[in-house]
Structures are given as structure tokens and as C-alpha cells.
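Data from coords_8.txt: compact mmCIF, C-alpha atoms and all ligand atoms
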# COMPACT_ATOMS: atom_id res chain seq x y z
CA MET A 3 -15.93 0.43 14.75
CA GLU A 4 -12.20 0.31 15.43
CA PHE A 5 -9.73 1.53 12.83
CA THR A 6 -7.85 -1.74 12.52
CA TYR A 7 -7.40 -4.00 9.51
CA SER A 8 -9.32 -6.78 11.22
CA SER A 9 -12.29 -4.49 12.01
CA TYR A 10 -12.44 -3.48 8.37
CA GLN A 11 -12.28 -7.12 7.26
CA ASN A 12 -15.10 -7.92 9.69
CA LEU A 13 -17.16 -5.10 8.20
CA ILE A 14 -16.75 -6.63 4.72
CA ARG A 15 -17.71 -10.07 6.06
CA ARG A 16 -20.79 -8.54 7.66
CA ILE A 17 -21.73 -6.81 4.38
CA LEU A 18 -21.52 -10.15 2.55
CA ARG A 19 -23.35 -12.04 5.31
CA ARG A 20 -26.23 -9.57 5.15
CA GLY A 21 -26.76 -10.33 1.47
CA TYR A 22 -25.01 -7.41 -0.22
CA GLN A 23 -22.81 -8.05 -3.23
CA ILE A 24 -19.57 -6.15 -3.67
CA ALA A 25 -19.98 -4.13 -6.86
CA ASP A 26 -18.03 -1.45 -8.69
CA TYR A 27 -18.96 1.78 -10.47
CA HIS A 28 -19.55 -0.09 -13.75
CA ASN A 29 -21.59 -3.15 -12.81
CA TYR A 30 -23.68 -2.01 -9.81
CA SER A 31 -26.92 -1.77 -11.83
CA GLN A 32 -26.75 -5.50 -12.61
CA VAL A 33 -26.52 -6.38 -8.92
CA LYS A 34 -29.51 -6.75 -6.62
CA ARG A 35 -28.07 -5.36 -3.39
CA PRO A 36 -24.84 -3.64 -4.44
CA CYS A 37 -22.15 -2.36 -2.11
CA ILE A 38 -19.48 -0.17 -3.70
CA LEU A 39 -16.24 0.09 -1.74
CA ARG A 40 -14.32 3.29 -2.38
CA HIS A 41 -10.93 4.32 -1.01
CA ASP A 42 -9.35 7.74 -1.34
CA VAL A 43 -5.56 7.78 -1.11
CA ASP A 44 -4.93 11.24 0.31
CA MET A 45 -1.48 10.83 1.83
CA ASP A 46 0.21 7.42 1.73
CA MET A 47 0.28 4.91 -1.14
CA HIS A 48 2.20 2.30 0.87
CA LYS A 49 -0.59 2.19 3.40
CA ALA A 50 -3.10 1.89 0.56
CA ALA A 51 -1.25 -1.10 -0.95
CA ASP A 52 -1.13 -2.88 2.42
CA PHE A 53 -4.83 -2.20 2.91
CA ALA A 54 -5.59 -3.46 -0.62
CA GLU A 55 -3.80 -6.74 0.12
CA ARG A 56 -5.87 -7.35 3.24
CA GLU A 57 -9.07 -6.43 1.45
CA ALA A 58 -8.41 -8.87 -1.40
CA ALA A 59 -7.69 -11.61 1.15
CA ILE A 60 -11.42 -11.76 1.91
CA PRO A 61 -13.45 -14.03 -0.37
CA ASP A 62 -16.64 -12.50 -1.76
CA GLU A 63 -19.97 -14.33 -2.17
CA ASN A 64 -18.50 -16.29 -5.12
CA GLY A 65 -15.24 -17.11 -3.38
CA GLN A 66 -13.37 -14.47 -5.42
CA PRO A 67 -11.15 -11.79 -3.80
CA VAL A 68 -13.08 -8.68 -2.74
CA ARG A 69 -12.45 -5.87 -5.22
CA SER A 70 -12.78 -2.15 -4.72
CA THR A 71 -11.64 1.14 -6.21
CA TYR A 72 -8.59 3.14 -5.08
CA PHE A 73 -8.61 6.81 -6.03
CA VAL A 74 -5.18 8.33 -6.66
CA LEU A 75 -4.19 12.01 -6.66
CA ILE A 76 -1.77 13.27 -9.29
CA SER A 77 -1.49 16.78 -7.82
CA SER A 78 -0.53 15.92 -4.24
CA ASP A 79 2.54 17.07 -2.34
CA PHE A 80 2.41 13.86 -0.28
CA TYR A 81 3.27 11.42 -3.06
CA ASN A 82 4.18 11.28 -6.73
CA PRO A 83 2.24 8.52 -8.52
CA TYR A 84 4.86 8.39 -11.27
CA SER A 85 7.84 7.77 -8.94
CA ALA A 86 9.11 4.18 -9.22
CA ASP A 87 8.34 3.50 -5.57
CA VAL A 88 4.76 4.81 -5.58
CA MET A 89 4.00 3.23 -8.97
CA LYS A 90 5.10 -0.12 -7.54
CA CYS A 91 2.43 0.30 -4.83
CA ILE A 92 -0.21 1.23 -7.43
CA LYS A 93 0.69 -1.83 -9.52
CA ARG A 94 0.43 -3.97 -6.39
CA ILE A 95 -3.10 -2.64 -5.81
CA ARG A 96 -3.96 -3.52 -9.43
CA ARG A 97 -2.51 -7.02 -9.06
CA TYR A 98 -4.88 -7.73 -6.17
CA GLY A 99 -7.67 -7.02 -8.67
CA HIS A 100 -8.74 -3.54 -7.55
CA GLU A 101 -9.47 -0.66 -9.90
CA ILE A 102 -7.56 2.64 -9.95
CA GLY A 103 -9.56 5.85 -10.29
CA LEU A 104 -8.54 9.50 -10.32
CA HIS A 105 -8.86 11.46 -7.08
CA PHE A 106 -9.31 15.05 -8.20
CA ASP A 107 -8.39 18.07 -6.08
CA GLU A 108 -10.15 21.10 -7.52
CA LYS A 109 -8.24 23.42 -5.15
CA ARG A 110 -5.22 22.78 -7.33
CA TYR A 111 -6.87 25.10 -9.89
CA ASP A 112 -7.68 28.78 -9.86
CA THR A 113 -11.30 29.10 -10.90
CA ARG A 114 -11.53 32.87 -10.49
CA ASN A 115 -12.47 34.59 -13.74
CA THR A 116 -13.52 31.33 -15.36
CA ALA A 117 -16.75 29.48 -15.98
CA ALA A 118 -15.74 27.23 -13.10
CA LYS A 119 -17.88 24.20 -13.87
CA GLU A 120 -16.77 23.99 -17.49
CA TYR A 121 -13.13 24.70 -16.60
CA LEU A 122 -13.05 22.03 -13.86
CA ARG A 123 -14.67 19.50 -16.15
CA GLU A 124 -11.79 20.07 -18.60
CA CYS A 125 -9.24 19.79 -15.77
CA VAL A 126 -10.70 16.45 -14.67
CA GLU A 127 -10.57 15.13 -18.23
CA LYS A 128 -6.96 16.32 -18.57
CA GLU A 129 -5.94 14.58 -15.31
CA VAL A 130 -7.76 11.39 -16.34
CA GLY A 131 -5.63 11.44 -19.51
CA ILE A 132 -2.40 12.00 -17.54
CA LEU A 133 -3.10 9.23 -15.01
CA SER A 134 -4.14 6.86 -17.81
CA GLU A 135 -0.82 7.57 -19.56
CA MET A 136 1.11 6.93 -16.35
CA LEU A 137 -0.67 3.65 -15.69
CA GLY A 138 -0.75 2.44 -19.28
CA GLU A 139 -4.48 1.77 -19.04
CA GLN A 140 -7.65 3.81 -19.31
CA VAL A 141 -8.88 5.35 -16.04
CA SER A 142 -12.67 5.46 -16.06
CA VAL A 143 -13.86 6.69 -12.67
CA VAL A 144 -13.23 9.89 -10.69
CA SER A 145 -13.79 10.94 -7.09
CA MET A 146 -13.34 14.40 -5.65
CA HIS A 147 -10.97 15.45 -2.88
CA ARG A 148 -12.49 18.19 -0.68
CA PRO A 149 -15.26 18.95 -3.23
CA SER A 150 -17.02 22.29 -3.36
CA ASP A 151 -20.66 22.82 -4.28
CA ILE A 152 -19.67 22.82 -7.94
CA PHE A 153 -19.20 19.05 -7.72
CA LEU A 154 -21.63 18.38 -4.89
CA LYS A 155 -24.61 20.17 -6.37
CA SER A 156 -24.25 19.84 -10.13
CA ASP A 157 -24.34 16.43 -11.71
CA ILE A 158 -21.24 16.87 -13.89
CA SER A 159 -20.59 14.25 -16.53
CA PHE A 160 -17.30 13.67 -18.30
CA ARG A 161 -16.38 12.72 -21.83
CA GLY A 162 -15.18 9.25 -22.74
CA ARG A 163 -17.65 7.47 -20.46
CA VAL A 164 -15.63 8.43 -17.40
CA ILE A 165 -17.84 7.91 -14.35
CA ASN A 166 -18.30 10.67 -11.77
CA SER A 167 -18.62 9.00 -8.37
CA TYR A 168 -20.20 12.27 -7.21
CA GLY A 169 -22.95 11.90 -9.81
CA THR A 170 -26.44 11.99 -8.34
CA ALA A 171 -26.98 8.26 -9.06
CA PHE A 172 -24.44 7.36 -6.39
CA PHE A 173 -25.99 9.63 -3.80
CA ARG A 174 -29.67 9.28 -4.67
CA ASN A 175 -29.76 5.49 -4.99
CA PHE A 176 -27.10 4.54 -2.48
CA LYS A 177 -26.65 4.95 1.24
CA TYR A 178 -23.32 6.82 1.41
CA MET A 179 -21.11 6.45 4.47
CA SER A 180 -17.59 7.73 5.03
CA ASP A 181 -14.84 7.56 7.67
CA SER A 182 -13.50 11.04 6.87
CA ARG A 183 -11.28 12.53 9.56
CA MET A 184 -11.28 9.09 11.24
CA LEU A 185 -14.90 9.41 12.18
CA TRP A 186 -17.98 7.54 10.99
CA ARG A 187 -20.85 9.96 11.29
CA GLU A 188 -23.26 7.05 11.52
CA ASN A 189 -23.00 3.56 12.92
CA VAL A 190 -21.92 1.75 9.75
CA GLU A 191 -22.02 -1.72 11.32
CA GLU A 192 -25.56 -1.22 12.59
CA ILE A 193 -26.76 0.09 9.22
CA VAL A 194 -25.25 -2.91 7.40
CA GLU A 195 -26.65 -5.33 9.97
CA SER A 196 -30.18 -3.88 9.68
CA ARG A 197 -30.32 -4.49 5.87
CA ARG A 198 -32.64 -1.49 5.67
CA GLU A 199 -30.67 0.09 2.82
CA GLY A 200 -30.92 -1.47 -0.64
CA ALA A 201 -27.54 -0.22 -1.85
CA LEU A 202 -24.37 0.91 -0.06
CA HIS A 203 -21.54 3.24 -1.09
CA ILE A 204 -18.79 3.15 1.51
CA LEU A 205 -15.75 5.44 1.51
CA THR A 206 -12.80 4.46 3.66
CA HIS A 207 -9.36 6.04 3.85
CA PRO A 208 -6.65 3.34 4.19
CA PHE A 209 -4.51 5.86 6.06
CA TRP A 210 -6.62 5.53 9.20
CA TYR A 211 -6.24 1.75 9.50
CA SER A 212 -3.47 -0.28 11.08
CA GLU A 213 -2.73 -3.70 12.56
CA ALA A 214 -3.07 -2.50 16.16
CA ARG A 215 -5.33 0.19 17.58
CA GLU A 216 -3.77 3.65 17.43
CA SER A 217 -5.14 7.09 18.16
CA MET A 218 -5.51 9.61 15.38
CA GLN A 219 -2.75 11.64 16.99
CA ASP A 220 -0.40 8.60 17.04
CA LYS A 221 -0.99 7.88 13.37
CA LEU A 222 -0.32 11.46 12.38
CA ARG A 223 2.77 11.76 14.57
CA LYS A 224 4.22 8.55 13.13
CA PHE A 225 3.54 9.70 9.58
CA ALA A 226 5.13 13.10 10.17
CA GLY A 227 8.19 11.43 11.76
CA ALA A 228 8.61 9.01 8.84
CA GLY A 229 8.62 12.05 6.54
CA ASN A 230 12.03 13.00 7.90
CA ASP A 231 13.58 9.61 7.03
CA PHE A 232 11.88 9.68 3.65
CA ARG A 233 13.33 13.09 2.78
CA TYR A 234 16.77 12.07 3.96
CA ALA A 235 16.64 8.99 1.70
CA CYS A 236 15.66 11.23 -1.24
CA MET A 237 18.58 13.56 -0.50
CA GLU A 238 20.94 10.56 -0.41
CA GLU A 239 19.81 9.69 -3.93
CA THR A 240 20.47 13.23 -5.09
CA ILE A 241 23.50 14.50 -3.16
CA ARG A 242 26.74 12.56 -3.41
CA ASP A 243 28.36 11.73 -0.09
CA LEU A 244 25.54 13.31 1.91
CA GLU A 245 26.63 11.53 5.09
CA SER A 246 29.87 13.58 5.20
CA VAL A 247 27.83 16.81 5.32
CA LEU A 248 24.78 15.80 7.30
CA GLY A 249 24.44 12.49 9.13
CA ARG A 250 21.22 10.52 9.24
CA ASP A 251 21.02 10.94 12.99
CA GLU A 252 21.40 14.71 12.70
CA VAL A 253 18.01 15.25 11.07
ZN ZN A 301 -9.39 12.95 -0.60

Output the file's structure in the form of C-alpha cells.
Amino acid sequence: MEFTYSSYQNLIRRILRRGYQIADYHNYSQVKRPCILRHDVDMDMHKAADFAEREAAIPDENGQPVRSTYFVLISSDFYNPYSADVMKCIKRIRRYGHEIGLHFDEKRYDTRNTAAKEYLRECVEKEVGILSEMLGEQVSVVSMHRPSDIFLKSDISFRGRVINSYGTAFFRNFKYMSDSRMLWRENVEEIVESRREGALHILTHPFWYSEARESMQDKLRKFAGAGNDFRYACMEETIRDLESVLGRDEV
């Protein structure tokens, strides 16, 4: 499968054609052949909002926009979910009808000398509270960024009916497929086409998709290059008359 927007849209159409219904983490048990679409936003919220728009442009089996869940980090150095610019992207994703979940990076926390499982459970609940405050609505699903065995092997549950997408239900009862590191480890199109799985749980990272085909190296180079312009724009907001000290074309 190519990492273009149209390939992704074709995958969704194939999922629907093969009799799966797009479900979320709350309603999947009421659906006969559920397919949960999950997206982790690891680096770029603008890319995620563009992806969300294209995803919602596809009608589901009832003619409604396809809906999925976008998981947002609050501890990333790549983006600040509370900045006006990034929040605008998150609100855009919400307006298309998608859900926002917390993407939790346990490596943010020092678990030495602690009962790690209990401590991390509290950290997740704290971050759910912070993101809910930022968004002005209750966040009720969590996915893990680079999870260790603590999350992979123990079926941790959270207070307040917050759903753990790494709970055993989502791995035991669903066929899980992911495009991590811009690589599908299995042929996702073939698996969907075969209908041999009763339930699907598909993780895609919007960062890897674009209008035209691009190599992984191209995507990363472009993103790194844009970081320079982004930082210059931030400095312009902060330092009066920046241009007189350092020109835009000098960085
Ligand atoms: Zn992640």
C-alpha cells in the first residue's frame, strides 16, 4: 500500500465494501464486524488535521462521514497542544466528527524506585485530566506511545471509565495492524479483502501520508527543514525587530 491520501481512502472504501463497520472504542461491541481506526499524532498536528479532513470526506455504510480517533501527546517537544495554532488543528479534527484521545509517553516519567504500574496509572489519569481541561471536554480513551511491557503485558484499567486501547480486549478480539515506521508488517489490503478477521483495529500515523508519493527520507527531510522556518516565526513573535539582527534567509 502506498503512503498517499488516496491509498488510505481506498483502504477505507475496501474496509466498508468488505462488510466491516467503522466503530470506535465505545460502541464496537454493538457492531457485528467492527473496524476501529486509530491515529497517533507523534510529530505534526497540521498533518493530522489534513488527514482527518480527507478521512471524513469518505461516506461510511450509512452515508455519514467516517469517524476515527486521534491520539494527542501533551508531553511532546514536537508540538504544544495548548498553543493557539495547534489547538486550532485539534478543533478542526473534532469538527470533522473524530474523537480526541490521549497519547501517553511513559518515557516522560522516571519509574525507578516506584511501583511503576501504579505510578504510571496515576500519570495517565493526571494527563487525561490536563488534556480534558485544555479541550473543554472529557477525554475517555488512551493509547500508548512507545509502550513498555508494563502496558503491553498488564491489562491496566483507569478510573473514570477511561478506555485503555492497549487493554487485552483490543488485542485479543481484534486483528491489530499498524504502519509504524512507515511499514505495514502484514499486507493490510489483502487481510481486509479476505474478510477472514471478524474485527479490525488499524493504527495509522498521519505523518507518513501525503498527496503525492514521497520516500520516508523525503518526508523527514522536509519536516526537519520546515522546523527552521517554524522556529524563526516563533522568534519573530518573541523578539522585537528580529530581522535587523538575523534575517530570515540567514537561518
Ligand atoms: Zn506514538

Original post:
If I put a ball of radius 6 Å at (-12.8, -8.7, -2.3) in the file's coordinates, which residues poke into it when counting only C-alpha atoms, written as JSON, numbers by chain?
Top reply: {"A": [57, 58, 60, 61, 62, 67, 68, 69]}

Original post:
Using only C-alpha atoms and all ligand atoms, what are the residues with an atom within 7 Å of ligand ZN 301 (chain A), set out as a PyMOL selection string?
Top reply: chain A and resi 42-44+105+146-148

**OP:** Go through A:Arg56, A:Lys128, A:Arg233, A:Lys109 one by one, measure the shortest atom-to-atom distance of each to Val141 in chain A using all atoms listed in the file, and give the residue with the smallest value.
**Re:**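 Of A:Arg56, A:Lys128, A:Arg233, A:Lys109, the one nearest Val141 in chain A, counting all atoms listed in the file, is A:Lys128.
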
**OP:** Would you work out the distance separating CA of Ile152 in chain A from CA of Met47 in chain A, expressed in Å to one decimal?
**Re:** 27.7 Å

**OP:** For each of A:Asp87, A:His41, A:Leu75, A:Phe80, take the minimum atom-to-atom distance to Glu101 in chain A, counting only C-alpha atoms, then give the residue where this is smallest.
**Re:**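 Under the stated criterion, the closest residue is A:His41.
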
**OP:** For CA of Ser182 in chain A and CA of Thr206 in chain A, quote the distance in Å rounded to one decimal.
**Re:**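 That distance, rounded to one decimal, is 7.4 Å.
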
Original post:
Just how far from CA of Met179 in chain A is CA of Cys91 in chain A, in Å to one decimal?
Top reply: 26.0 Å

Subject >> Test item: which residues lie within 9 Å of (-16.2, 8.4, -16.9) counting all atoms listed in the file, as a ChimeraX atom specification >> reply: /A:127,130,141-144,159-167

Subject >> Proximity to Trp210 in chain A - best of A:Thr6, A:Ser145, A:Ser180, A:Thr71, only C-alpha atoms >> reply: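 Checking each of A:Thr6, A:Ser145, A:Ser180, A:Thr71 against Trp210 in chain A, counting only C-alpha atoms, the winner is A:Thr6.
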
Subject >> Top pick for closest residue to Ile24 in chain A, considering A:Ser9, A:Asn82, A:Asn230, A:Gln66 and counting only C-alpha atoms >> reply: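 Distance minimum relative to Ile24 in chain A lands on A:Gln66.
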
**OP:** Would you please work out which residue, of A:Lys34, A:Arg123, A:Arg40, A:Arg223, is nearest to His203 in chain A when using all atoms listed in the file?
**Re:**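 Counting all atoms listed in the file, the residue closest to His203 in chain A is A:Arg40.
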
Complete the atoms of range 197-213 of chain A to N, CA and C atoms and put them out as an mmCIF file, keeping the file's coordinate frame.
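This is the output file selection_24.cif:
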data_model
loop_
_atom_site.group_PDB
_atom_site.id
_atom_site.type_symbol
_atom_site.label_atom_id
_atom_site.label_comp_id
_atom_site.auth_asym_id
_atom_site.auth_seq_id
_atom_site.Cartn_x
_atom_site.Cartn_y
_atom_site.Cartn_z
ATOM 1 N N ARG A 197 -29.915 -4.218 7.275
ATOM 2 C CA ARG A 197 -30.320 -4.490 5.870
ATOM 3 C C ARG A 197 -31.371 -3.496 5.375
ATOM 4 N N ARG A 198 -31.555 -2.378 6.081
ATOM 5 C CA ARG A 198 -32.640 -1.490 5.670
ATOM 6 C C ARG A 198 -32.319 -0.704 4.397
ATOM 7 N N GLU A 199 -31.049 -0.620 4.030
ATOM 8 C CA GLU A 199 -30.670 0.090 2.820
ATOM 9 C C GLU A 199 -30.484 -0.913 1.678
ATOM 10 N N GLY A 200 -30.996 -0.555 0.506
ATOM 11 C CA GLY A 200 -30.920 -1.470 -0.640
ATOM 12 C C GLY A 200 -29.571 -1.458 -1.332
ATOM 13 N N ALA A 201 -28.832 -0.339 -1.180
ATOM 14 C CA ALA A 201 -27.540 -0.220 -1.850
ATOM 15 C C ALA A 201 -26.603 0.619 -0.986
ATOM 16 N N LEU A 202 -25.341 0.226 -0.921
ATOM 17 C CA LEU A 202 -24.370 0.910 -0.060
ATOM 18 C C LEU A 202 -23.195 1.441 -0.874
ATOM 19 N N HIS A 203 -22.713 2.606 -0.456
ATOM 20 C CA HIS A 203 -21.540 3.240 -1.090
ATOM 21 C C HIS A 203 -20.657 3.674 0.073
ATOM 22 N N ILE A 204 -19.571 2.945 0.287
ATOM 23 C CA ILE A 204 -18.790 3.150 1.510
ATOM 24 C C ILE A 204 -17.391 3.668 1.170
ATOM 25 N N LEU A 205 -17.079 4.851 1.706
ATOM 26 C CA LEU A 205 -15.750 5.440 1.510
ATOM 27 C C LEU A 205 -14.909 5.215 2.764
ATOM 28 N N THR A 206 -13.750 4.573 2.558
ATOM 29 C CA THR A 206 -12.800 4.460 3.660
ATOM 30 C C THR A 206 -11.442 4.982 3.187
ATOM 31 N N HIS A 207 -10.697 5.522 4.129
ATOM 32 C CA HIS A 207 -9.360 6.040 3.850
ATOM 33 C C HIS A 207 -8.350 5.067 4.473
ATOM 34 N N PRO A 208 -7.597 4.327 3.650
ATOM 35 C CA PRO A 208 -6.650 3.340 4.190
ATOM 36 C C PRO A 208 -5.715 3.931 5.244
ATOM 37 N N PHE A 209 -5.441 5.214 5.137
ATOM 38 C CA PHE A 209 -4.510 5.860 6.060
ATOM 39 C C PHE A 209 -4.898 5.664 7.524
ATOM 40 N N TRP A 210 -6.177 5.599 7.807
ATOM 41 C CA TRP A 210 -6.620 5.530 9.200
ATOM 42 C C TRP A 210 -6.542 4.124 9.813
ATOM 43 N N TYR A 211 -6.206 3.124 9.007
ATOM 44 C CA TYR A 211 -6.240 1.750 9.500
ATOM 45 C C TYR A 211 -4.836 1.214 9.769
ATOM 46 N N SER A 212 -4.756 0.325 10.757
ATOM 47 C CA SER A 212 -3.470 -0.280 11.080
ATOM 48 C C SER A 212 -3.714 -1.628 11.746
ATOM 49 N N GLU A 213 -2.626 -2.371 11.944
ATOM 50 C CA GLU A 213 -2.730 -3.700 12.560
ATOM 51 C C GLU A 213 -3.289 -3.567 13.990
#
